[in-house]
file run-v3.pdb (PDB, C-alpha atoms and all ligand atoms)
ATOM      1  CA  MET Q   1     -56.528 -98.823 154.438  1.00  0.00           C
ATOM      2  CA  PRO Q   2     -57.221-102.000 156.486  1.00  0.00           C
ATOM      3  CA  ALA Q   3     -56.267-101.690 160.164  1.00  0.00           C
ATOM      4  CA  SER Q   4     -53.725-104.556 160.035  1.00  0.00           C
ATOM      5  CA  SER Q   5     -51.834-102.947 157.133  1.00  0.00           C
ATOM      6  CA  TYR Q   6     -51.790 -99.633 158.998  1.00  0.00           C
ATOM      7  CA  ASP Q   7     -50.534-101.400 162.148  1.00  0.00           C
ATOM      8  CA  SER Q   8     -47.704-103.176 160.340  1.00  0.00           C
ATOM      9  CA  LYS Q   9     -46.594 -99.956 158.591  1.00  0.00           C
ATOM     10  CA  THR Q  10     -46.651 -98.134 161.915  1.00  0.00           C
ATOM     11  CA  SER Q  11     -44.613-100.924 163.504  1.00  0.00           C
ATOM     12  CA  ILE Q  12     -42.026-100.825 160.709  1.00  0.00           C
ATOM     13  CA  LEU Q  13     -41.762 -97.030 160.999  1.00  0.00           C
ATOM     14  CA  PHE Q  14     -41.408 -97.277 164.783  1.00  0.00           C
ATOM     15  CA  PHE Q  15     -38.730 -99.963 164.386  1.00  0.00           C
ATOM     16  CA  LYS Q  16     -36.799 -97.812 161.881  1.00  0.00           C
ATOM     17  CA  ILE Q  17     -36.888 -94.823 164.245  1.00  0.00           C
ATOM     18  CA  ILE Q  18     -35.731 -96.982 167.154  1.00  0.00           C
ATOM     19  CA  MET Q  19     -32.910 -98.564 165.127  1.00  0.00           C
ATOM     20  CA  LYS Q  20     -31.719 -95.252 163.667  1.00  0.00           C
ATOM     21  CA  ASP Q  21     -28.165 -94.490 164.744  1.00  0.00           C
ATOM     22  CA  ARG Q  22     -28.165 -97.586 166.953  1.00  0.00           C
ATOM     23  CA  LEU Q  23     -24.458 -98.359 166.708  1.00  0.00           C
ATOM     24  CA  PRO Q  24     -23.156 -94.800 167.130  1.00  0.00           C
ATOM     25  CA  ARG Q  25     -25.535 -94.452 170.074  1.00  0.00           C
ATOM     26  CA  GLU Q  26     -24.266 -97.674 171.603  1.00  0.00           C
ATOM     27  CA  ARG Q  27     -20.668 -96.483 171.255  1.00  0.00           C
ATOM     28  CA  LYS Q  28     -21.592 -93.205 172.901  1.00  0.00           C
ATOM     29  CA  THR Q  29     -23.470 -94.939 175.739  1.00  0.00           C
ATOM     30  CA  ILE Q  30     -20.565 -97.206 176.662  1.00  0.00           C
ATOM     31  CA  ARG Q  31     -18.122 -94.289 176.436  1.00  0.00           C
ATOM     32  CA  VAL Q  32     -20.280 -92.166 178.744  1.00  0.00           C
ATOM     33  CA  MET Q  33     -20.788 -95.011 181.225  1.00  0.00           C
ATOM     34  CA  ILE Q  34     -17.088 -95.883 181.460  1.00  0.00           C
ATOM     35  CA  ASN Q  35     -16.272 -92.205 181.850  1.00  0.00           C
ATOM     36  CA  LEU Q  36     -18.801 -91.806 184.646  1.00  0.00           C
ATOM     37  CA  PHE Q  37     -17.485 -94.918 186.409  1.00  0.00           C
ATOM     38  CA  CYS Q  38     -13.848 -93.867 186.056  1.00  0.00           C
ATOM     39  CA  ARG Q  39     -14.459 -90.302 187.171  1.00  0.00           C
ATOM     40  CA  ASP Q  40     -16.117 -91.432 190.410  1.00  0.00           C
ATOM     41  CA  ASN Q  41     -13.938 -94.432 191.226  1.00  0.00           C
ATOM     42  CA  HIS Q  42     -10.419 -94.015 189.896  1.00  0.00           C
ATOM     43  CA  ALA Q  43      -8.121 -91.335 191.239  1.00  0.00           C
ATOM     44  CA  ASP Q  44      -5.402 -91.915 188.629  1.00  0.00           C
ATOM     45  CA  ARG Q  45      -7.277 -90.473 185.658  1.00  0.00           C
ATOM     46  CA  GLY Q  46      -6.220 -87.185 184.060  1.00  0.00           C
ATOM     47  CA  LYS Q  47      -7.864 -83.837 184.672  1.00  0.00           C
ATOM     48  CA  ALA Q  48      -9.634 -83.432 181.301  1.00  0.00           C
ATOM     49  CA  PRO Q  49     -13.406 -84.146 181.440  1.00  0.00           C
ATOM     50  CA  ALA Q  50     -13.126 -87.165 179.145  1.00  0.00           C
ATOM     51  CA  ALA Q  51      -9.826 -88.456 180.556  1.00  0.00           C
ATOM     52  CA  LEU Q  52      -9.700 -92.094 181.622  1.00  0.00           C
ATOM     53  CA  CYS Q  53      -7.274 -94.116 183.701  1.00  0.00           C
ATOM     54  CA  ASP Q  54      -5.232 -96.764 181.846  1.00  0.00           C
ATOM     55  CA  GLU Q  55      -7.513 -99.608 182.904  1.00  0.00           C
ATOM     56  CA  CYS Q  56     -10.697 -97.852 181.738  1.00  0.00           C
ATOM     57  CA  ARG Q  57      -9.062 -96.668 178.518  1.00  0.00           C
ATOM     58  CA  GLU Q  58      -8.179-100.276 177.713  1.00  0.00           C
ATOM     59  CA  LEU Q  59     -11.682-101.415 178.563  1.00  0.00           C
ATOM     60  CA  LEU Q  60     -13.191 -98.745 176.317  1.00  0.00           C
ATOM     61  CA  GLY Q  61     -10.869 -99.743 173.448  1.00  0.00           C
ATOM     62  CA  TYR Q  62     -11.840-103.382 173.951  1.00  0.00           C
ATOM     63  CA  ALA Q  63     -15.578-102.584 173.984  1.00  0.00           C
ATOM     64  CA  MET Q  64     -15.268-100.461 170.820  1.00  0.00           C
ATOM     65  CA  LYS Q  65     -13.493-103.297 169.065  1.00  0.00           C
ATOM     66  CA  ARG Q  66     -16.232-105.749 170.103  1.00  0.00           C
ATOM     67  CA  ILE Q  67     -18.906-103.440 168.672  1.00  0.00           C
ATOM     68  CA  GLU Q  68     -16.911-102.956 165.472  1.00  0.00           C
ATOM     69  CA  ARG Q  69     -16.468-106.721 165.023  1.00  0.00           C
ATOM     70  CA  CYS Q  70     -19.921-107.718 166.261  1.00  0.00           C
ATOM     71  CA  SER Q  71     -21.291-110.614 164.210  1.00  0.00           C
ATOM     72  CA  TYR Q  72     -24.720-108.985 164.060  1.00  0.00           C
ATOM     73  CA  GLY Q  73     -23.475-105.868 162.291  1.00  0.00           C
ATOM     74  CA  GLU Q  74     -26.190-103.217 161.995  1.00  0.00           C
ATOM     75  CA  GLU Q  75     -28.714-105.493 163.734  1.00  0.00           C
ATOM     76  CA  LYS Q  76     -26.628-105.766 166.859  1.00  0.00           C
ATOM     77  CA  PRO Q  77     -28.710-106.322 170.009  1.00  0.00           C
ATOM     78  CA  THR Q  78     -27.603-104.836 173.300  1.00  0.00           C
ATOM     79  CA  CYS Q  79     -24.823-107.064 174.644  1.00  0.00           C
ATOM     80  CA  ALA Q  80     -27.025-107.919 177.640  1.00  0.00           C
ATOM     81  CA  ASN Q  81     -29.489-109.600 175.240  1.00  0.00           C
ATOM     82  CA  CYS Q  82     -26.856-111.347 173.161  1.00  0.00           C
ATOM     83  CA  PRO Q  83     -26.718-115.173 172.991  1.00  0.00           C
ATOM     84  CA  ILE Q  84     -23.038-115.119 171.923  1.00  0.00           C
ATOM     85  CA  HIS Q  85     -21.382-113.004 174.641  1.00  0.00           C
ATOM     86  CA  CYS Q  86     -18.119-112.513 172.798  1.00  0.00           C
ATOM     87  CA  TYR Q  87     -16.408-110.686 175.694  1.00  0.00           C
ATOM     88  CA  LYS Q  88     -13.590-112.452 177.531  1.00  0.00           C
ATOM     89  CA  LEU Q  89     -14.624-113.368 181.076  1.00  0.00           C
ATOM     90  CA  ASP Q  90     -12.495-110.755 182.814  1.00  0.00           C
ATOM     91  CA  ARG Q  91     -13.695-108.029 180.424  1.00  0.00           C
ATOM     92  CA  ARG Q  92     -17.287-109.081 180.974  1.00  0.00           C
ATOM     93  CA  GLU Q  93     -16.814-108.713 184.720  1.00  0.00           C
ATOM     94  CA  GLN Q  94     -15.281-105.263 184.239  1.00  0.00           C
ATOM     95  CA  VAL Q  95     -18.176-104.118 182.066  1.00  0.00           C
ATOM     96  CA  ARG Q  96     -20.674-105.504 184.576  1.00  0.00           C
ATOM     97  CA  SER Q  97     -19.057-103.411 187.318  1.00  0.00           C
ATOM     98  CA  VAL Q  98     -19.279-100.332 185.101  1.00  0.00           C
ATOM     99  CA  MET Q  99     -22.962-101.015 184.284  1.00  0.00           C
ATOM    100  CA  ARG Q 100     -23.893-101.687 187.898  1.00  0.00           C
ATOM    101  CA  TYR Q 101     -22.394 -98.382 188.949  1.00  0.00           C
ATOM    102  CA  ALA Q 102     -23.198 -96.141 185.985  1.00  0.00           C
ATOM    103  CA  GLY Q 103     -26.590 -97.622 184.992  1.00  0.00           C
ATOM    104  CA  PRO Q 104     -28.673 -96.088 187.814  1.00  0.00           C
ATOM    105  CA  ARG Q 105     -26.797 -92.765 187.520  1.00  0.00           C
ATOM    106  CA  MET Q 106     -27.398 -92.445 183.799  1.00  0.00           C
ATOM    107  CA  ILE Q 107     -31.060 -91.513 184.233  1.00  0.00           C
ATOM    108  CA  ARG Q 108     -30.115 -88.381 186.138  1.00  0.00           C
ATOM    109  CA  ARG Q 109     -26.996 -87.395 184.198  1.00  0.00           C
ATOM    110  CA  HIS Q 110     -27.817 -88.555 180.655  1.00  0.00           C
ATOM    111  CA  PRO Q 111     -31.586 -89.185 180.613  1.00  0.00           C
ATOM    112  CA  VAL Q 112     -32.086 -89.277 176.829  1.00  0.00           C
ATOM    113  CA  LEU Q 113     -29.226 -91.710 176.261  1.00  0.00           C
ATOM    114  CA  ALA Q 114     -30.386 -93.838 179.208  1.00  0.00           C
ATOM    115  CA  ILE Q 115     -33.968 -94.062 177.963  1.00  0.00           C
ATOM    116  CA  ARG Q 116     -32.951 -94.873 174.408  1.00  0.00           C
ATOM    117  CA  HIS Q 117     -30.626 -97.596 175.703  1.00  0.00           C
ATOM    118  CA  LEU Q 118     -33.490 -99.052 177.740  1.00  0.00           C
ATOM    119  CA  ILE Q 119     -35.713 -99.034 174.642  1.00  0.00           C
ATOM    120  CA  ASP Q 120     -32.935-100.698 172.623  1.00  0.00           C
ATOM    121  CA  GLY Q 121     -32.774-103.425 175.245  1.00  0.00           C
ATOM    122  CA  LYS Q 122     -36.559-103.925 175.266  1.00  0.00           C
ATOM    123  CA  THR Q 123     -36.997-103.951 171.487  1.00  0.00           C
ATOM    124  CA  ASN Q 124     -34.248-106.392 170.538  1.00  0.00           C
ATOM    125  CA  HIS Q 125     -34.389-109.608 172.520  1.00  0.00           C
ATOM    126  CA  GLY Q 126     -31.419-111.725 171.588  1.00  0.00           C
ATOM    127  CA  PRO Q 127     -31.715-112.531 167.892  1.00  0.00           C
ATOM    128  CA  PRO Q 128     -30.544-115.996 166.791  1.00  0.00           C
ATOM    129  CA  ARG Q 129     -26.839-116.493 166.278  1.00  0.00           C
ATOM    130  CA  PRO Q 130     -25.708-115.213 162.897  1.00  0.00           C
ATOM    131  CA  SER Q 131     -24.390-117.970 160.615  1.00  0.00           C
ATOM    132  CA  LYS Q 132     -21.033-116.276 159.949  1.00  0.00           C
ATOM    133  CA  ARG Q 133     -19.101-114.856 162.863  1.00  0.00           C
ATOM    134  CA  LYS Q 134     -16.526-112.120 162.366  1.00  0.00           C
ATOM    135  CA  THR Q 135     -15.074-112.586 165.862  1.00  0.00           C
TER
HETATM  136  S1  LIG Q 201     -21.464-110.510 169.698  1.00  0.00           S
HETATM  137 FE1  LIG Q 201     -22.917-110.049 171.334  1.00  0.00          FE
HETATM  138  S2  LIG Q 201     -21.660-109.551 173.127  1.00  0.00           S
HETATM  139 FE2  LIG Q 201     -20.339-109.389 171.293  1.00  0.00          FE
HETATM  140  S3  LIG Q 201     -20.502-107.219 170.694  1.00  0.00           S
HETATM  141 FE3  LIG Q 201     -22.035-108.336 169.529  1.00  0.00          FE
HETATM  142  S4  LIG Q 201     -23.906-108.128 170.764  1.00  0.00           S
HETATM  143 FE4  LIG Q 201     -22.174-107.614 172.110  1.00  0.00          FE
HETATM  144 ZN    ZN Q 202     -10.773 -95.748 185.398  1.00  0.00          ZN
END

call {"tool": "encode", "arguments": {"input": "run-v3.pdb", "output": "structure tokens"}}
result
Amino acid sequence: MPASSYDSKTSILFFKIIMKDRLPRERKTIRVMINLFCRDNHADRGKAPAALCDECRELLGYAMKRIERCSYGEEKPTCANCPIHCYKLDRREQVRSVMRYAGPRMIRRHPVLAIRHLIDGKTNHGPPRPSKRKT
């Protein structure tokens, strides 16, 4: 087999492995990050491990809806690499605060999720805008 053919097949296989379960993983990552942020910063959350305060629960619901309605569908980039930025300004600021706080802590508390999210960010650099938007 010529080297170039082998290289392209390897790249496709690598891409498929990277993209596998991308959206469920993204949902899980944002849920974990908001939970981590809320647990350390908001006293008014419930006692259950996954409990969130009202503000964070709303933010999580909003983020889940954005992922569900994302114009890119299965090929969704990480939101940080997205040329559309469909979040409302105040929601974007909220998510930034969550990321700033939870991002560095993810490596210690959820290393696999953190590394896969980093790889997702590095392997999908802002695709062009899709022609039809669902948002
Ligand atoms: S359109 Fe962009 S910002 Fe909105 S959910 Fe999709 S990737 Fe994230
Ligand atoms: Zn909270």

call {"tool": "resolve_selection", "arguments": {"input": "run-v3.pdb", "expression": "the PyMOL selection byres (((not hetatm)) within 6 of (chain Q and resi 201))", "output": "list in words"}}
result
Arg66, Ile67, Cys70, Ser71, Lys76, Pro77, Thr78, Cys79, Cys82, Ile84, His85, Cys86 and Tyr87 of chain Q

call {"tool": "residues_near_ligand", "arguments": {"input": "run-v3.pdb", "ligand": "ligand ZN 202 (chain Q)", "cutoff": "6 Å", "atoms": "all atoms listed in the file", "output": "count of residues only"}}
result
6

call {"tool": "closest_residue", "arguments": {"input": "run-v3.pdb", "among": "Q:Arg27, Q:Tyr101, Q:Ile34, Q:Glu68", "to": "Q:Asp54", "atoms": "all atoms listed in the file"}}
result
Q:Ile34

call {"tool": "closest_residue", "arguments": {"input": "run-v3.pdb", "among": "Q:Gly73, Q:Gly61, Q:Pro104, Q:Gly46", "to": "Q:Leu23", "atoms": "only C-alpha atoms"}}
result
Q:Gly73

call {"tool": "atom_distance", "arguments": {"input": "run-v3.pdb", "atom1": "atom CA of Q:Ile30", "atom2": "atom CA of Q:Lys122"}}
result
17.4 Å

call {"tool": "residues_around", "arguments": {"input": "run-v3.pdb", "residues": "Q:Arg22", "least_positions_apart": "6", "cutoff": "9 Å", "atoms": "all atoms listed in the file", "output": "ChimeraX atom specification"}}
result
/Q:74-76,120

call {"tool": "resolve_selection", "arguments": {"input": "run-v3.pdb", "expression": "the PyMOL selection byres (((chain Q and resi 28) around 12) and not hetatm)", "output": "VMD selection string"}}
result
chain Q and resid 21 to 27 29 to 35 60 63 to 64 67 110 112 to 114 116 to 117

call {"tool": "closest_residue", "arguments": {"input": "run-v3.pdb", "among": "Q:Asp40, Q:Tyr62, Q:Lys9, Q:Ile107", "to": "Q:Gln94", "atoms": "all atoms listed in the file"}}
result
Q:Tyr62

call {"tool": "closest_residue", "arguments": {"input": "run-v3.pdb", "among": "Q:Arg109, Q:Gly121, Q:Glu93, Q:Val98", "to": "Q:Phe37", "atoms": "all atoms listed in the file"}}
result
Q:Val98

call {"tool": "axis_aligned_box", "arguments": {"input": "run-v3.pdb", "around": "stretch 44-55 of chain Q", "padding_each_side": "4 Å", "output": "lines of an AutoDock Vina configuration file"}}
result
center_x = -9.3
center_y = -91.5
center_z = 183.9
size_x = 16.2
size_y = 24.2
size_z = 17.5

call {"tool": "closest_residue", "arguments": {"input": "run-v3.pdb", "among": "Q:Arg100, Q:Arg105, Q:Arg45, Q:Arg91", "to": "Q:Leu59", "atoms": "all atoms listed in the file"}}
result
Q:Arg91

call {"tool": "atom_distance", "arguments": {"input": "run-v3.pdb", "atom1": "atom CA of Q:Asn81", "atom2": "atom CA of Q:Leu118"}}
result
11.6 Å

call {"tool": "atom_distance", "arguments": {"input": "run-v3.pdb", "atom1": "atom CA of Q:Arg39", "atom2": "atom CA of Q:Leu89"}}
result
23.9 Å
